[in-house]
$ cat my_file_15.pdb   # PDB, C-alpha atoms, pLDDT in the B column
ATOM      1  CA  GLU A   1       0.000   0.000   0.000  1.00 82.00           C
ATOM      2  CA  ALA A   2       1.314   3.413  -1.000  1.00 82.00           C
ATOM      3  CA  GLN A   3       1.754   5.566   2.036  1.00 91.00           C
ATOM      4  CA  VAL A   4       3.602   8.273   3.895  1.00 94.00           C
ATOM      5  CA  THR A   5       4.242   7.263   7.498  1.00 96.00           C
ATOM      6  CA  GLN A   6       4.959   9.729  10.269  1.00 97.00           C
ATOM      7  CA  ASN A   7       6.036   9.035  13.842  1.00 97.00           C
ATOM      8  CA  PRO A   8       5.151   9.864  16.480  1.00 96.00           C
ATOM      9  CA  ARG A   9       1.510  10.738  15.806  1.00 95.00           C
ATOM     10  CA  TYR A  10       1.219  12.526  19.143  1.00 95.00           C
ATOM     11  CA  LEU A  11       3.924  13.975  21.371  1.00 95.00           C
ATOM     12  CA  ILE A  12       4.015  16.209  24.413  1.00 95.00           C
ATOM     13  CA  THR A  13       7.437  17.557  25.291  1.00 94.00           C
ATOM     14  CA  VAL A  14       9.071  20.391  27.183  1.00 95.00           C
ATOM     15  CA  THR A  15      10.917  23.467  26.003  1.00 96.00           C
ATOM     16  CA  GLY A  16      14.465  22.760  24.905  1.00 95.00           C
ATOM     17  CA  LYS A  17      14.278  18.982  24.687  1.00 96.00           C
ATOM     18  CA  LYS A  18      15.433  17.932  21.231  1.00 96.00           C
ATOM     19  CA  LEU A  19      13.048  15.804  19.247  1.00 96.00           C
ATOM     20  CA  THR A  20      12.760  14.233  15.820  1.00 97.00           C
ATOM     21  CA  VAL A  21       9.625  13.495  13.839  1.00 98.00           C
ATOM     22  CA  THR A  22      10.278  10.782  11.303  1.00 98.00           C
ATOM     23  CA  CYS A  23       8.741  10.545   7.856  1.00 98.00           C
ATOM     24  CA  SER A  24       9.023   7.660   5.454  1.00 97.00           C
ATOM     25  CA  GLN A  25       7.434   7.053   2.042  1.00 96.00           C
ATOM     26  CA  ASN A  26       7.324   3.836   0.045  1.00 94.00           C
ATOM     27  CA  MET A  27       6.553   5.300  -3.376  1.00 90.00           C
ATOM     28  CA  ASN A  28      10.093   6.135  -4.506  1.00 91.00           C
ATOM     29  CA  HIS A  29       9.196   9.831  -4.726  1.00 91.00           C
ATOM     30  CA  GLU A  30      12.069  12.236  -5.184  1.00 89.00           C
ATOM     31  CA  TYR A  31      10.333  15.244  -3.676  1.00 90.00           C
ATOM     32  CA  MET A  32       9.328  15.428  -0.002  1.00 93.00           C
ATOM     33  CA  SER A  33       8.155  18.280   2.167  1.00 94.00           C
ATOM     34  CA  TRP A  34       7.116  19.248   5.691  1.00 96.00           C
ATOM     35  CA  TYR A  35       4.175  21.485   6.510  1.00 96.00           C
ATOM     36  CA  ARG A  36       2.733  22.785   9.741  1.00 96.00           C
ATOM     37  CA  GLN A  37      -0.959  23.451  10.206  1.00 93.00           C
ATOM     38  CA  ASP A  38      -2.179  26.135  12.578  1.00 92.00           C
ATOM     39  CA  PRO A  39      -5.714  27.474  13.106  1.00 87.00           C
ATOM     40  CA  GLY A  40      -6.499  30.369  10.815  1.00 85.00           C
ATOM     41  CA  LEU A  41      -3.202  30.022   8.968  1.00 88.00           C
ATOM     42  CA  GLY A  42      -3.766  26.916   6.900  1.00 87.00           C
ATOM     43  CA  LEU A  43      -0.713  24.875   5.943  1.00 91.00           C
ATOM     44  CA  ARG A  44       2.679  26.493   5.719  1.00 93.00           C
ATOM     45  CA  GLN A  45       5.743  24.840   4.278  1.00 92.00           C
ATOM     46  CA  ILE A  46       8.724  24.366   6.607  1.00 96.00           C
ATOM     47  CA  TYR A  47      11.306  22.613   4.427  1.00 95.00           C
ATOM     48  CA  TYR A  48      11.365  20.605   1.252  1.00 92.00           C
ATOM     49  CA  SER A  49      13.733  18.252  -0.492  1.00 92.00           C
ATOM     50  CA  MET A  50      14.012  17.741  -4.232  1.00 87.00           C
ATOM     51  CA  ASN A  51      16.138  14.608  -3.853  1.00 89.00           C
ATOM     52  CA  VAL A  52      18.713  12.880  -1.649  1.00 92.00           C
ATOM     53  CA  GLU A  53      21.086  15.400  -0.056  1.00 93.00           C
ATOM     54  CA  VAL A  54      19.115  18.314  -1.561  1.00 91.00           C
ATOM     55  CA  THR A  55      17.046  20.331   0.905  1.00 94.00           C
ATOM     56  CA  ASP A  56      15.807  23.915   1.000  1.00 92.00           C
ATOM     57  CA  LYS A  57      13.843  26.255   3.211  1.00 93.00           C
ATOM     58  CA  GLY A  58      10.144  26.817   2.880  1.00 91.00           C
ATOM     59  CA  ASP A  59       8.162  29.686   4.349  1.00 90.00           C
ATOM     60  CA  VAL A  60       8.699  29.017   8.061  1.00 96.00           C
ATOM     61  CA  PRO A  61      12.025  27.194   8.559  1.00 97.00           C
ATOM     62  CA  GLU A  62      13.159  28.915  11.777  1.00 97.00           C
ATOM     63  CA  GLY A  63      13.714  26.485  14.614  1.00 97.00           C
ATOM     64  CA  TYR A  64      13.703  23.396  12.384  1.00 98.00           C
ATOM     65  CA  LYS A  65      16.253  21.216  10.633  1.00 97.00           C
ATOM     66  CA  VAL A  66      15.873  18.425   8.131  1.00 97.00           C
ATOM     67  CA  SER A  67      18.054  15.848   6.462  1.00 96.00           C
ATOM     68  CA  ARG A  68      17.662  13.623   3.422  1.00 96.00           C
ATOM     69  CA  LYS A  69      20.226  10.861   3.515  1.00 97.00           C
ATOM     70  CA  GLU A  70      17.969   8.293   1.883  1.00 96.00           C
ATOM     71  CA  LYS A  71      15.270   8.740  -0.690  1.00 94.00           C
ATOM     72  CA  ARG A  72      12.501   7.283   1.437  1.00 96.00           C
ATOM     73  CA  ASN A  73      13.170   9.201   4.690  1.00 97.00           C
ATOM     74  CA  PHE A  74      12.879  12.880   5.514  1.00 98.00           C
ATOM     75  CA  PRO A  75      13.034  13.507   9.294  1.00 98.00           C
ATOM     76  CA  LEU A  76      12.121  16.845  10.863  1.00 98.00           C
ATOM     77  CA  ILE A  77      14.357  17.879  13.746  1.00 98.00           C
ATOM     78  CA  LEU A  78      13.532  20.385  16.458  1.00 97.00           C
ATOM     79  CA  GLU A  79      16.862  21.058  18.177  1.00 94.00           C
ATOM     80  CA  SER A  80      15.404  23.196  20.965  1.00 96.00           C
ATOM     81  CA  PRO A  81      11.615  23.189  20.798  1.00 97.00           C
ATOM     82  CA  SER A  82       9.660  26.200  21.971  1.00 97.00           C
ATOM     83  CA  PRO A  83       5.941  26.597  22.718  1.00 97.00           C
ATOM     84  CA  ASN A  84       5.361  28.430  19.423  1.00 96.00           C
ATOM     85  CA  GLN A  85       6.223  25.178  17.673  1.00 97.00           C
ATOM     86  CA  THR A  86       3.135  23.546  19.128  1.00 97.00           C
ATOM     87  CA  SER A  87       1.321  22.552  15.982  1.00 97.00           C
ATOM     88  CA  LEU A  88       0.090  19.776  13.719  1.00 96.00           C
ATOM     89  CA  TYR A  89       2.824  18.657  11.335  1.00 97.00           C
ATOM     90  CA  PHE A  90       2.403  16.942   8.002  1.00 96.00           C
ATOM     91  CA  CYS A  91       4.939  15.232   5.833  1.00 97.00           C
ATOM     92  CA  ALA A  92       4.171  14.899   2.132  1.00 94.00           C
ATOM     93  CA  SER A  93       5.764  13.477  -0.983  1.00 93.00           C
ATOM     94  CA  ARG A  94       5.109  14.493  -4.542  1.00 85.00           C
ATOM     95  CA  TRP A  95       2.686  12.329  -6.352  1.00 69.00           C
ATOM     96  CA  ASP A  96       2.711  14.062  -9.721  1.00 68.00           C
ATOM     97  CA  ARG A  97       5.773  15.798 -11.149  1.00 66.00           C
ATOM     98  CA  VAL A  98       3.699  17.775 -13.673  1.00 65.00           C
ATOM     99  CA  THR A  99       0.947  19.137 -11.455  1.00 66.00           C
ATOM    100  CA  GLY A 100       2.756  19.172  -8.151  1.00 68.00           C
ATOM    101  CA  GLU A 101       0.031  17.148  -6.419  1.00 77.00           C
ATOM    102  CA  LEU A 102       1.140  15.901  -3.001  1.00 86.00           C
ATOM    103  CA  PHE A 103       0.474  12.722  -1.017  1.00 89.00           C
ATOM    104  CA  PHE A 104       0.225  13.394   2.719  1.00 92.00           C
ATOM    105  CA  GLY A 105       0.964  11.500   5.869  1.00 94.00           C
ATOM    106  CA  GLU A 106      -1.575  11.378   8.688  1.00 92.00           C
ATOM    107  CA  GLY A 107       0.021  14.105  10.744  1.00 94.00           C
ATOM    108  CA  SER A 108       1.944  14.462  13.993  1.00 97.00           C
ATOM    109  CA  ARG A 109       0.456  16.582  16.743  1.00 96.00           C
ATOM    110  CA  LEU A 110       3.197  18.175  18.806  1.00 97.00           C
ATOM    111  CA  THR A 111       2.714  20.054  22.065  1.00 97.00           C
ATOM    112  CA  VAL A 112       5.645  21.933  23.598  1.00 96.00           C
ATOM    113  CA  LEU A 113       5.126  22.980  27.225  1.00 95.00           C
TER     114      LEU A 113
ATOM    115  CA  GLY B 114       3.323  36.286  -5.116  1.00 82.00           C
ATOM    116  CA  ASN B 115       1.109  33.230  -5.147  1.00 86.00           C
ATOM    117  CA  SER B 116      -1.791  33.068  -2.722  1.00 91.00           C
ATOM    118  CA  VAL B 117      -5.154  31.388  -2.136  1.00 94.00           C
ATOM    119  CA  THR B 118      -8.149  32.922  -0.406  1.00 95.00           C
ATOM    120  CA  GLN B 119     -10.988  30.807   0.909  1.00 94.00           C
ATOM    121  CA  MET B 120     -14.264  31.739   2.495  1.00 87.00           C
ATOM    122  CA  GLU B 121     -14.347  31.764   6.264  1.00 83.00           C
ATOM    123  CA  GLY B 122     -16.004  28.906   8.060  1.00 84.00           C
ATOM    124  CA  PRO B 123     -17.565  27.081   9.541  1.00 94.00           C
ATOM    125  CA  VAL B 124     -20.178  26.364   6.924  1.00 95.00           C
ATOM    126  CA  THR B 125     -23.164  24.690   8.546  1.00 96.00           C
ATOM    127  CA  LEU B 126     -25.671  22.850   6.374  1.00 97.00           C
ATOM    128  CA  SER B 127     -28.427  20.322   6.708  1.00 97.00           C
ATOM    129  CA  GLU B 128     -28.142  17.009   4.935  1.00 97.00           C
ATOM    130  CA  GLU B 129     -29.056  17.169   1.217  1.00 96.00           C
ATOM    131  CA  ALA B 130     -28.415  20.922   1.020  1.00 97.00           C
ATOM    132  CA  PHE B 131     -26.360  22.476  -1.779  1.00 97.00           C
ATOM    133  CA  LEU B 132     -22.766  23.339  -0.962  1.00 97.00           C
ATOM    134  CA  THR B 133     -20.532  26.073  -2.301  1.00 97.00           C
ATOM    135  CA  ILE B 134     -17.135  26.893  -0.827  1.00 97.00           C
ATOM    136  CA  ASN B 135     -15.510  29.854  -2.523  1.00 97.00           C
ATOM    137  CA  CYS B 136     -11.841  29.894  -3.485  1.00 97.00           C
ATOM    138  CA  THR B 137      -9.952  32.577  -5.384  1.00 97.00           C
ATOM    139  CA  TYR B 138      -6.289  32.678  -6.183  1.00 96.00           C
ATOM    140  CA  THR B 139      -3.465  34.972  -7.190  1.00 94.00           C
ATOM    141  CA  ALA B 140      -0.719  33.534  -9.349  1.00 90.00           C
ATOM    142  CA  THR B 141       1.475  34.313 -12.313  1.00 82.00           C
ATOM    143  CA  GLY B 142       0.663  32.219 -15.332  1.00 83.00           C
ATOM    144  CA  TYR B 143      -1.451  29.091 -15.178  1.00 87.00           C
ATOM    145  CA  PRO B 144      -1.157  27.199 -11.900  1.00 90.00           C
ATOM    146  CA  SER B 145      -2.644  23.798 -11.198  1.00 90.00           C
ATOM    147  CA  LEU B 146      -5.518  23.978  -8.713  1.00 93.00           C
ATOM    148  CA  PHE B 147      -6.577  21.487  -6.077  1.00 94.00           C
ATOM    149  CA  TRP B 148      -9.132  20.804  -3.404  1.00 96.00           C
ATOM    150  CA  TYR B 149      -7.926  18.706  -0.494  1.00 96.00           C
ATOM    151  CA  VAL B 150     -10.157  17.341   2.269  1.00 96.00           C
ATOM    152  CA  GLN B 151      -9.176  16.632   5.859  1.00 94.00           C
ATOM    153  CA  TYR B 152     -11.490  14.380   7.845  1.00 93.00           C
ATOM    154  CA  PRO B 153     -11.269  14.555  11.654  1.00 88.00           C
ATOM    155  CA  GLY B 154      -8.008  13.093  12.940  1.00 84.00           C
ATOM    156  CA  GLU B 155      -6.656  12.358   9.484  1.00 86.00           C
ATOM    157  CA  GLY B 156      -4.220  13.794   6.991  1.00 88.00           C
ATOM    158  CA  LEU B 157      -5.109  15.641   3.835  1.00 92.00           C
ATOM    159  CA  GLN B 158      -6.479  13.718   0.881  1.00 92.00           C
ATOM    160  CA  LEU B 159      -6.761  14.984  -2.646  1.00 92.00           C
ATOM    161  CA  LEU B 160     -10.420  15.509  -3.503  1.00 96.00           C
ATOM    162  CA  LEU B 161     -10.114  16.871  -7.039  1.00 96.00           C
ATOM    163  CA  LYS B 162      -7.851  18.881  -9.293  1.00 93.00           C
ATOM    164  CA  ALA B 163      -7.741  20.922 -12.498  1.00 94.00           C
ATOM    165  CA  THR B 164      -4.627  21.718 -14.451  1.00 89.00           C
ATOM    166  CA  LYS B 165      -5.769  24.259 -17.045  1.00 90.00           C
ATOM    167  CA  ALA B 166      -8.387  26.915 -17.609  1.00 92.00           C
ATOM    168  CA  ASP B 167     -11.990  25.697 -18.006  1.00 95.00           C
ATOM    169  CA  ASP B 168     -11.099  22.229 -16.717  1.00 95.00           C
ATOM    170  CA  LYS B 169     -13.641  20.757 -14.338  1.00 97.00           C
ATOM    171  CA  GLY B 170     -12.413  18.501 -11.586  1.00 96.00           C
ATOM    172  CA  SER B 171     -14.885  16.104 -10.010  1.00 97.00           C
ATOM    173  CA  ASN B 172     -14.931  13.351  -7.420  1.00 96.00           C
ATOM    174  CA  LYS B 173     -17.437  11.881  -4.952  1.00 95.00           C
ATOM    175  CA  GLY B 174     -20.144  14.269  -6.164  1.00 96.00           C
ATOM    176  CA  PHE B 175     -17.949  17.336  -5.666  1.00 98.00           C
ATOM    177  CA  GLU B 176     -17.060  19.590  -8.597  1.00 98.00           C
ATOM    178  CA  ALA B 177     -14.905  22.644  -9.207  1.00 98.00           C
ATOM    179  CA  THR B 178     -14.214  24.533 -12.422  1.00 98.00           C
ATOM    180  CA  TYR B 179     -10.963  26.374 -13.141  1.00 97.00           C
ATOM    181  CA  ARG B 180     -12.031  29.915 -14.054  1.00 96.00           C
ATOM    182  CA  LYS B 181      -9.095  31.924 -15.336  1.00 94.00           C
ATOM    183  CA  GLU B 182     -11.148  35.081 -15.961  1.00 94.00           C
ATOM    184  CA  THR B 183     -12.301  35.274 -12.345  1.00 95.00           C
ATOM    185  CA  THR B 184      -9.249  33.468 -10.860  1.00 96.00           C
ATOM    186  CA  SER B 185     -11.590  31.154  -8.997  1.00 97.00           C
ATOM    187  CA  PHE B 186     -11.973  27.466  -8.232  1.00 98.00           C
ATOM    188  CA  HIS B 187     -15.163  27.187  -6.193  1.00 98.00           C
ATOM    189  CA  LEU B 188     -16.103  23.823  -4.726  1.00 98.00           C
ATOM    190  CA  GLU B 189     -19.704  22.640  -5.171  1.00 98.00           C
ATOM    191  CA  LYS B 190     -21.806  19.646  -4.282  1.00 98.00           C
ATOM    192  CA  GLY B 191     -25.467  19.250  -5.048  1.00 96.00           C
ATOM    193  CA  SER B 192     -26.503  17.276  -1.971  1.00 96.00           C
ATOM    194  CA  VAL B 193     -24.217  17.029   1.045  1.00 97.00           C
ATOM    195  CA  GLN B 194     -24.149  14.157   3.510  1.00 97.00           C
ATOM    196  CA  VAL B 195     -23.209  14.022   7.175  1.00 96.00           C
ATOM    197  CA  SER B 196     -20.094  12.104   6.122  1.00 96.00           C
ATOM    198  CA  ASP B 197     -18.913  15.171   4.149  1.00 97.00           C
ATOM    199  CA  SER B 198     -18.235  17.007   7.402  1.00 97.00           C
ATOM    200  CA  ALA B 199     -14.548  17.896   7.205  1.00 97.00           C
ATOM    201  CA  VAL B 200     -12.135  20.738   6.555  1.00 95.00           C
ATOM    202  CA  TYR B 201     -11.647  21.628   2.889  1.00 97.00           C
ATOM    203  CA  PHE B 202      -8.475  23.258   1.600  1.00 95.00           C
ATOM    204  CA  CYS B 203      -8.052  24.976  -1.720  1.00 96.00           C
ATOM    205  CA  ALA B 204      -4.478  24.957  -3.038  1.00 93.00           C
ATOM    206  CA  LEU B 205      -2.435  25.914  -6.048  1.00 91.00           C
ATOM    207  CA  SER B 206       0.802  24.678  -7.540  1.00 87.00           C
ATOM    208  CA  PRO B 207       2.754  27.389  -9.360  1.00 82.00           C
ATOM    209  CA  PRO B 208       3.322  26.768 -13.049  1.00 76.00           C
ATOM    210  CA  THR B 209       7.074  27.058 -12.774  1.00 70.00           C
ATOM    211  CA  GLY B 210       8.957  25.228 -10.075  1.00 60.00           C
ATOM    212  CA  PHE B 211       7.115  22.794  -7.866  1.00 61.00           C
ATOM    213  CA  GLN B 212       8.710  23.592  -4.557  1.00 63.00           C
ATOM    214  CA  LYS B 213       5.411  23.741  -2.776  1.00 74.00           C
ATOM    215  CA  LEU B 214       1.673  23.807  -2.845  1.00 83.00           C
ATOM    216  CA  VAL B 215       0.219  27.081  -1.609  1.00 88.00           C
ATOM    217  CA  PHE B 216      -2.793  26.459   0.612  1.00 91.00           C
ATOM    218  CA  GLY B 217      -5.759  28.500   1.680  1.00 93.00           C
ATOM    219  CA  THR B 218      -6.659  28.644   5.352  1.00 92.00           C
ATOM    220  CA  GLY B 219      -9.272  25.900   5.093  1.00 93.00           C
ATOM    221  CA  THR B 220     -13.050  25.909   5.466  1.00 95.00           C
ATOM    222  CA  ARG B 221     -14.754  23.682   7.995  1.00 95.00           C
ATOM    223  CA  LEU B 222     -17.999  22.097   6.803  1.00 97.00           C
ATOM    224  CA  LEU B 223     -20.497  20.788   9.336  1.00 96.00           C
ATOM    225  CA  VAL B 224     -23.446  18.796   8.016  1.00 97.00           C
ATOM    226  CA  SER B 225     -26.281  17.910  10.363  1.00 96.00           C
ATOM    227  CA  PRO B 226     -28.866  15.155   9.827  1.00 94.00           C
TER     228      PRO B 226
END

$ encode --input "my_file_15.pdb" --output "structure tokens"
Amino acid sequence: EAQVTQNPRYLITVTGKKLTVTCSQNMNHEYMSWYRQDPGLGLRQIYYSMNVEVTDKGDVPEGYKVSRKEKRNFPLILESPSPNQTSLYFCASRWDRVTGELFFGEGSRLTVL
Amino acid sequence: GNSVTQMEGPVTLSEEAFLTINCTYTATGYPSLFWYVQYPGEGLQLLLKATKADDKGSNKGFEATYRKETTSFHLEKGSVQVSDSAVYFCALSPPTGFQKLVFGTGTRLLVSP
């Protein structure tokens, strides 16, 4: 089954405690991306990756890091989480190179206290 | 720049009512346009898409027509069901460079029996 898998789905942590949200896709997609969803703001892109070892900033990259060492994995790293990073995070991979259509994971809800 | 504007929600309807959710966009050239749906506790799923002017996307009884002259992509359904209750996102993919989808803020639809 084609899917994008994120872990953890839910996490409560404290300010400053490093955490990683993993993302894995089994569709051999080159392009992957992270979004955050906040009420009234819709989805905003954090980082994206066009291929292995190629990453770039989206609209709201501050406070986040990513890596793309393998094609299937694209982890999101919060080195020192802060409460303003409390959000719902989505990983996505590109389904259609022509239209840009994305295939989304189920989301990871992060709370930073 | 590229942007998407959606009508504010929530939209509250009775079952079998007619649905319209307005979406307008700003973009250079001819973007691809999408409607994504997010059911409670789930990730985003593609509902329908249109890749050029006057195209009509349709799926599950929902329709949207790509109107270049009015820069709109309004979502319609003739008879909504309780199971259609969800958040609907309009999005565009710029015609050059597919670094990201640009999303609207989402419109929550609540359908009562």

$ resolve_selection --input "my_file_15.pdb" --expression "the PyMOL selection byres ((chain B and resi 197) around 8)" --output "list in words"
Val193, Gln194, Val195, Ser196, Ser198, Ala199, Leu222, Leu223 and Val224 of chain B

$ closest_residue --input "my_file_15.pdb" --among "A:Glu79, A:Glu70, A:Glu1, A:Asp56" --to "chain B" --atoms "all atoms listed in the file"
A:Asp56

$ closest_atom_pairs --input "my_file_15.pdb" --of "chain B" --to "chain A" --cutoff "12 Å" --atoms "all atoms listed in the file" --output "Markdown table"
| residue | atom | partner | partner_atom | distance |
| --- | --- | --- | --- | --- |
| B:Ser116 | CA | A:Gly42 | CA | 11.6 |
| B:Val117 | CA | A:Gly42 | CA | 10.2 |
| B:Thr118 | CA | A:Gly42 | CA | 10.4 |
| B:Gln119 | CA | A:Gly42 | CA | 10.2 |
| B:Met120 | CA | A:Gly40 | CA | 11.5 |
| B:Glu121 | CA | A:Gly40 | CA | 9.2 |
| B:Gly122 | CA | A:Gly40 | CA | 10.0 |
| B:Pro123 | CA | A:Gly40 | CA | 11.6 |
| B:Tyr143 | CA | A:Thr99 | CA | 10.9 |
| B:Pro144 | CA | A:Thr99 | CA | 8.3 |
| B:Ser145 | CA | A:Thr99 | CA | 5.9 |
| B:Leu146 | CA | A:Thr99 | CA | 8.5 |
| B:Phe147 | CA | A:Glu101 | CA | 7.9 |
| B:Trp148 | CA | A:Glu101 | CA | 10.3 |
| B:Tyr149 | CA | A:Leu102 | CA | 9.8 |
| B:Val150 | CA | A:Phe104 | CA | 11.1 |
| B:Gln151 | CA | A:Glu106 | CA | 9.7 |
| B:Tyr152 | CA | A:Glu106 | CA | 10.4 |
| B:Pro153 | CA | A:Glu106 | CA | 10.6 |
| B:Gly154 | CA | A:Glu106 | CA | 7.9 |
| B:Glu155 | CA | A:Glu106 | CA | 5.2 |
| B:Gly156 | CA | A:Glu106 | CA | 4.0 |
| B:Leu157 | CA | A:Phe104 | CA | 5.9 |
| B:Gln158 | CA | A:Phe104 | CA | 7.0 |
| B:Leu159 | CA | A:Phe103 | CA | 7.8 |
| B:Leu160 | CA | A:Glu101 | CA | 11.0 |
| B:Leu161 | CA | A:Glu101 | CA | 10.2 |
| B:Lys162 | CA | A:Glu101 | CA | 8.6 |
| B:Ala163 | CA | A:Thr99 | CA | 8.9 |
| B:Thr164 | CA | A:Thr99 | CA | 6.8 |
| B:Lys165 | CA | A:Thr99 | CA | 10.1 |
| B:Val200 | CA | A:Gly42 | CA | 10.4 |
| B:Tyr201 | CA | A:Gly42 | CA | 10.3 |
| B:Phe202 | CA | A:Gly42 | CA | 8.0 |
| B:Cys203 | CA | A:Gly42 | CA | 9.8 |
| B:Ala204 | CA | A:Glu101 | CA | 9.6 |
| B:Leu205 | CA | A:Gly100 | CA | 8.8 |
| B:Ser206 | CA | A:Gly100 | CA | 5.9 |
| B:Pro207 | CA | A:Gly100 | CA | 8.3 |
| B:Pro208 | CA | A:Thr99 | CA | 8.1 |
| B:Thr209 | CA | A:Val98 | CA | 9.9 |
| B:Gly210 | CA | A:Gly100 | CA | 8.9 |
| B:Phe211 | CA | A:Gly100 | CA | 5.7 |
| B:Gln212 | CA | A:Tyr48 | CA | 7.1 |
| B:Lys213 | CA | A:Gln45 | CA | 7.1 |
| B:Leu214 | CA | A:Gly100 | CA | 7.1 |
| B:Val215 | CA | A:Arg44 | CA | 7.8 |
| B:Phe216 | CA | A:Leu43 | CA | 5.9 |
| B:Gly217 | CA | A:Gly42 | CA | 5.8 |
| B:Thr218 | CA | A:Gly42 | CA | 3.7 |
| B:Gly219 | CA | A:Gly42 | CA | 5.9 |
| B:Thr220 | CA | A:Gly42 | CA | 9.4 |
| B:Arg221 | CA | A:Gly40 | CA | 11.0 |

$ closest_residue --input "my_file_15.pdb" --among "B:Asn115, B:Ser127, B:Thr137, B:Ser171" --to "B:Thr184" --atoms "all atoms listed in the file"
B:Thr137

$ resolve_selection --input "my_file_15.pdb" --expression "the PyMOL selection byres ((chain B and resi 187) around 8)" --output "MDAnalysis selection string"
chainID B and resid 133:137 177:178 185:186 188:189

$ closest_residue --input "my_file_15.pdb" --among "B:Phe131, B:Tyr138, B:Gly191, B:Gly114" --to "B:Tyr179" --atoms "all atoms listed in the file"
B:Tyr138

$ atom_distance --input "my_file_15.pdb" --atom1 "atom CA of B:Asp168" --atom2 "atom CA of A:Ala2"
27.5 Å

$ axis_aligned_box --input "my_file_15.pdb" --around "stretch 32-38 of chain A" --padding-each-side "8 Å" --output "AutoDock Vina command-line options"
--center_x 3.6 --center_y 20.8 --center_z 6.3 --size_x 27.5 --size_y 26.7 --size_z 28.6

$ residues_around --input "my_file_15.pdb" --residues "A:Arg68" --least-positions-apart "6" --cutoff "8 Å" --atoms "only C-alpha atoms" --output "list in words"
Ser49, Asn51, Val52, Glu53, Val54, Thr55, Phe74 and Pro75 of chain A

$ atom_distance --input "my_file_15.pdb" --atom1 "atom CA of A:Leu11" --atom2 "atom CA of A:Glu62"
20.0 Å

$ atom_distance --input "my_file_15.pdb" --atom1 "atom CA of A:Tyr10" --atom2 "atom CA of A:Ser87"
10.5 Å

$ resolve_selection --input "my_file_15.pdb" --expression "the PyMOL selection byres ((chain A and resi 6) around 6)" --output "compact mmCIF listing (two decimals) with C-alpha atoms, in the coordinates of the input"
# COMPACT_ATOMS: atom_id res chain seq x y z
CA THR A 5 4.24 7.26 7.50
CA ASN A 7 6.04 9.04 13.84
CA THR A 22 10.28 10.78 11.30
CA CYS A 23 8.74 10.54 7.86

$ closest_residue --input "my_file_15.pdb" --among "A:Lys18, A:Arg72, A:Gln25, A:Pro83" --to "A:Leu113" --atoms "only C-alpha atoms"
A:Pro83

$ residues_around --input "my_file_15.pdb" --residues "A:Ser80" --least-positions-apart "6" --cutoff "10 Å" --atoms "only C-alpha atoms" --output "number ranges by chain"
A: 14-19, 63-64
